[in-house]
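Chemist: Can you read through this structure? Questions will come right after.
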Amino acid sequence: MSDVSLMVNGRRVSGVAEDRTLLVHFLRDNLGLTGTHVGCDTSQCGACVVHVDGKAVKSCTMLAVQASGSSVVTIEGLANGADLHPVQAAFKEHHGLQCGFCTPGMIMTATDMISRHPEGLDEATVRAELEGNICRCTGYHNIVKAILAASKTMAKASKGKAKQAA
């Protein structure tokens, strides 16, 4: 057993976990953050994507003790109170979800993708970068549409902030 201490969604948390406990299970079982889904346990589906120290990580590929000391953001930590994150809002507006099982991982992947491409995204890039996320319900059309819309919204907001700062 090991002590695990993390900053999760802006809040300091700690707990004890077996050394072999995956981060996804620590988040779900120890912290009750069930928005991070367990889809395959083989890192194929992307349903478990969270941000660890600002980067998208499949939480079924990382041990909880490896993440100790890190900052983790889960789907529960994206929204600002009742205000949805722009990616969440775009998924809602553009029907980028079906059953919703893959949605948290898709949204976490998309937010990472957008932050790495602040100049904007094109459809080919979005489709290529979603390769590690599986949706069993849809042909990805509305997911891609939602990510492109969120990218535009976030780029406009970023440009607006830059103008105000100048």
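FYI, nothing fancy with the structure tokens labels: chains A, B, ... in order, residues from 1 per chain, ligands from 1 as they appear.
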I need the strand (DSSP E or B) residues of chain A per DSSP on the backbone, written as a list of chain:residue names.
Modeler: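 Taking chain A and keeping strand (DSSP E or B) only, one gets A:Ser2, A:Asp3, A:Val4, A:Ser5, A:Leu6, A:Met7, A:Val8, A:Arg11, A:Arg12, A:Val13, A:Ser14, A:Gly15, A:Val16, A:Ala17, A:Leu22, A:Val49, A:Val50, A:His51, A:Val52, A:Lys55, A:Ala56, A:Val57, A:Lys58, A:Leu63, A:Ser71, A:Val72, A:Val73, A:Asn80, A:Asp83.
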Chemist: From a DSSP calculation on the backbone, collect every residue of stretch 76-144 of chain A in helix (DSSP H, G or I) and output the set as a PyMOL selection string.
Modeler: chain A and resi 76-77+86-93+103-116+123-129+141-144
Chemist: Please, could you write that set of residues out with C-alpha atoms as a PDB file, in the first residue's frame?
Modeler:
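Dumped everything to result-v2.pdb:
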ATOM      1  CA  GLU A  76     -15.909  16.846 -13.487  1.00  0.00           C
ATOM      2  CA  GLY A  77     -13.326  19.625 -13.260  1.00  0.00           C
ATOM      3  CA  PRO A  86     -16.548  25.527 -24.442  1.00  0.00           C
ATOM      4  CA  VAL A  87     -15.837  21.939 -25.551  1.00  0.00           C
ATOM      5  CA  GLN A  88     -18.666  20.591 -23.400  1.00  0.00           C
ATOM      6  CA  ALA A  89     -20.996  23.276 -24.762  1.00  0.00           C
ATOM      7  CA  ALA A  90     -19.994  22.446 -28.348  1.00  0.00           C
ATOM      8  CA  PHE A  91     -20.620  18.721 -27.812  1.00  0.00           C
ATOM      9  CA  LYS A  92     -24.086  19.602 -26.513  1.00  0.00           C
ATOM     10  CA  GLU A  93     -24.846  22.085 -29.285  1.00  0.00           C
ATOM     11  CA  THR A 103     -17.976  11.450 -24.216  1.00  0.00           C
ATOM     12  CA  PRO A 104     -15.839  12.296 -21.158  1.00  0.00           C
ATOM     13  CA  GLY A 105     -12.729  10.856 -22.803  1.00  0.00           C
ATOM     14  CA  MET A 106     -13.538  12.530 -26.112  1.00  0.00           C
ATOM     15  CA  ILE A 107     -13.990  15.896 -24.408  1.00  0.00           C
ATOM     16  CA  MET A 108     -10.776  15.571 -22.416  1.00  0.00           C
ATOM     17  CA  THR A 109      -8.896  14.558 -25.584  1.00  0.00           C
ATOM     18  CA  ALA A 110     -10.464  17.463 -27.484  1.00  0.00           C
ATOM     19  CA  THR A 111      -9.526  20.061 -24.857  1.00  0.00           C
ATOM     20  CA  ASP A 112      -5.931  18.846 -24.948  1.00  0.00           C
ATOM     21  CA  MET A 113      -5.950  18.866 -28.753  1.00  0.00           C
ATOM     22  CA  ILE A 114      -7.284  22.431 -28.894  1.00  0.00           C
ATOM     23  CA  SER A 115      -4.737  23.655 -26.356  1.00  0.00           C
ATOM     24  CA  ARG A 116      -1.920  22.189 -28.461  1.00  0.00           C
ATOM     25  CA  GLU A 123     -10.958  18.172 -39.908  1.00  0.00           C
ATOM     26  CA  ALA A 124      -8.009  15.976 -40.906  1.00  0.00           C
ATOM     27  CA  THR A 125      -6.087  16.873 -37.746  1.00  0.00           C
ATOM     28  CA  VAL A 126      -9.098  16.265 -35.506  1.00  0.00           C
ATOM     29  CA  ARG A 127      -9.786  12.873 -37.078  1.00  0.00           C
ATOM     30  CA  ALA A 128      -6.125  11.845 -36.831  1.00  0.00           C
ATOM     31  CA  GLU A 129      -5.848  12.899 -33.182  1.00  0.00           C
ATOM     32  CA  HIS A 141     -19.181  13.299 -37.784  1.00  0.00           C
ATOM     33  CA  ASN A 142     -20.853  15.286 -34.995  1.00  0.00           C
ATOM     34  CA  ILE A 143     -17.909  14.753 -32.638  1.00  0.00           C
ATOM     35  CA  VAL A 144     -15.543  16.270 -35.215  1.00  0.00           C
TER      36      VAL A 144
END
Chemist: Excluding A:Gly15 and any residue of its chain fewer than 2 positions from it, enumerate the residues within 10 Å of it, using only C-alpha atoms, and give them as a ChimeraX atom specification.
Modeler: /A:2-6,13,17,26,30-31,64
Chemist: Write the selection just made, keeping N, CA and C atoms, as a JSON list (two decimals), in the first residue's frame?
Modeler:
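Final output, out_12.json:
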[["chain", "number", "residue", "atom", "x", "y", "z"],
["A", 2, "SER", "N", 0.42, 2.25, -0.76],
["A", 2, "SER", "CA", 1.16, 3.50, -0.85],
["A", 2, "SER", "C", 0.24, 4.69, -0.63],
["A", 3, "ASP", "N", 0.81, 5.75, -0.10],
["A", 3, "ASP", "CA", 0.08, 7.00, 0.03],
["A", 3, "ASP", "C", 0.08, 7.68, -1.33],
["A", 4, "VAL", "N", -1.07, 8.18, -1.73],
["A", 4, "VAL", "CA", -1.21, 8.91, -3.00],
["A", 4, "VAL", "C", -1.77, 10.28, -2.66],
["A", 5, "SER", "N", -1.07, 11.32, -3.11],
["A", 5, "SER", "CA", -1.50, 12.69, -2.88],
["A", 5, "SER", "C", -1.51, 13.41, -4.22],
["A", 6, "LEU", "N", -2.65, 13.98, -4.56],
["A", 6, "LEU", "CA", -2.83, 14.64, -5.85],
["A", 6, "LEU", "C", -3.58, 15.96, -5.68],
["A", 13, "VAL", "N", -6.17, 16.21, -2.64],
["A", 13, "VAL", "CA", -6.75, 14.96, -2.15],
["A", 13, "VAL", "C", -5.63, 13.97, -1.86],
["A", 17, "ALA", "N", -3.54, 3.48, -1.60],
["A", 17, "ALA", "CA", -3.89, 2.56, -2.67],
["A", 17, "ALA", "C", -2.84, 1.47, -2.79],
["A", 26, "PHE", "N", -8.38, 4.62, -8.96],
["A", 26, "PHE", "CA", -8.22, 5.51, -7.81],
["A", 26, "PHE", "C", -9.22, 6.67, -7.91],
["A", 30, "ASN", "N", -11.71, 5.53, -5.12],
["A", 30, "ASN", "CA", -11.29, 6.23, -3.91],
["A", 30, "ASN", "C", -11.88, 7.63, -3.81],
["A", 31, "LEU", "N", -12.01, 8.30, -4.97],
["A", 31, "LEU", "CA", -12.46, 9.69, -4.94],
["A", 31, "LEU", "C", -13.91, 9.88, -5.40],
["A", 64, "ALA", "N", -1.75, 4.92, -9.93],
["A", 64, "ALA", "CA", -2.08, 6.04, -9.05],
["A", 64, "ALA", "C", -0.81, 6.57, -8.37]]
Chemist: Between A:Ile75, A:Val49, A:Asn9, A:Ala157, which one has atoms that come closest to A:Gly35, using only C-alpha atoms?
Modeler: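 The closest residue to A:Gly35 is A:Ile75.
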Chemist: Can you pull out the residues contacting A:Pro118? Cut-off 10 Å, using only C-alpha atoms, and skip same-chain residues under 4 positions away; I want them as a PyMOL selection string.
Modeler: chain A and resi 113-114+151-152+154-156+158-159
Chemist: I need the residue nearest A:Ala47 from this list: A:Thr34, A:Gln66, A:Thr138, A:Asn133. Use only C-alpha atoms for the distance.
Modeler: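 Smallest separation from A:Ala47 among the options: A:Asn133.
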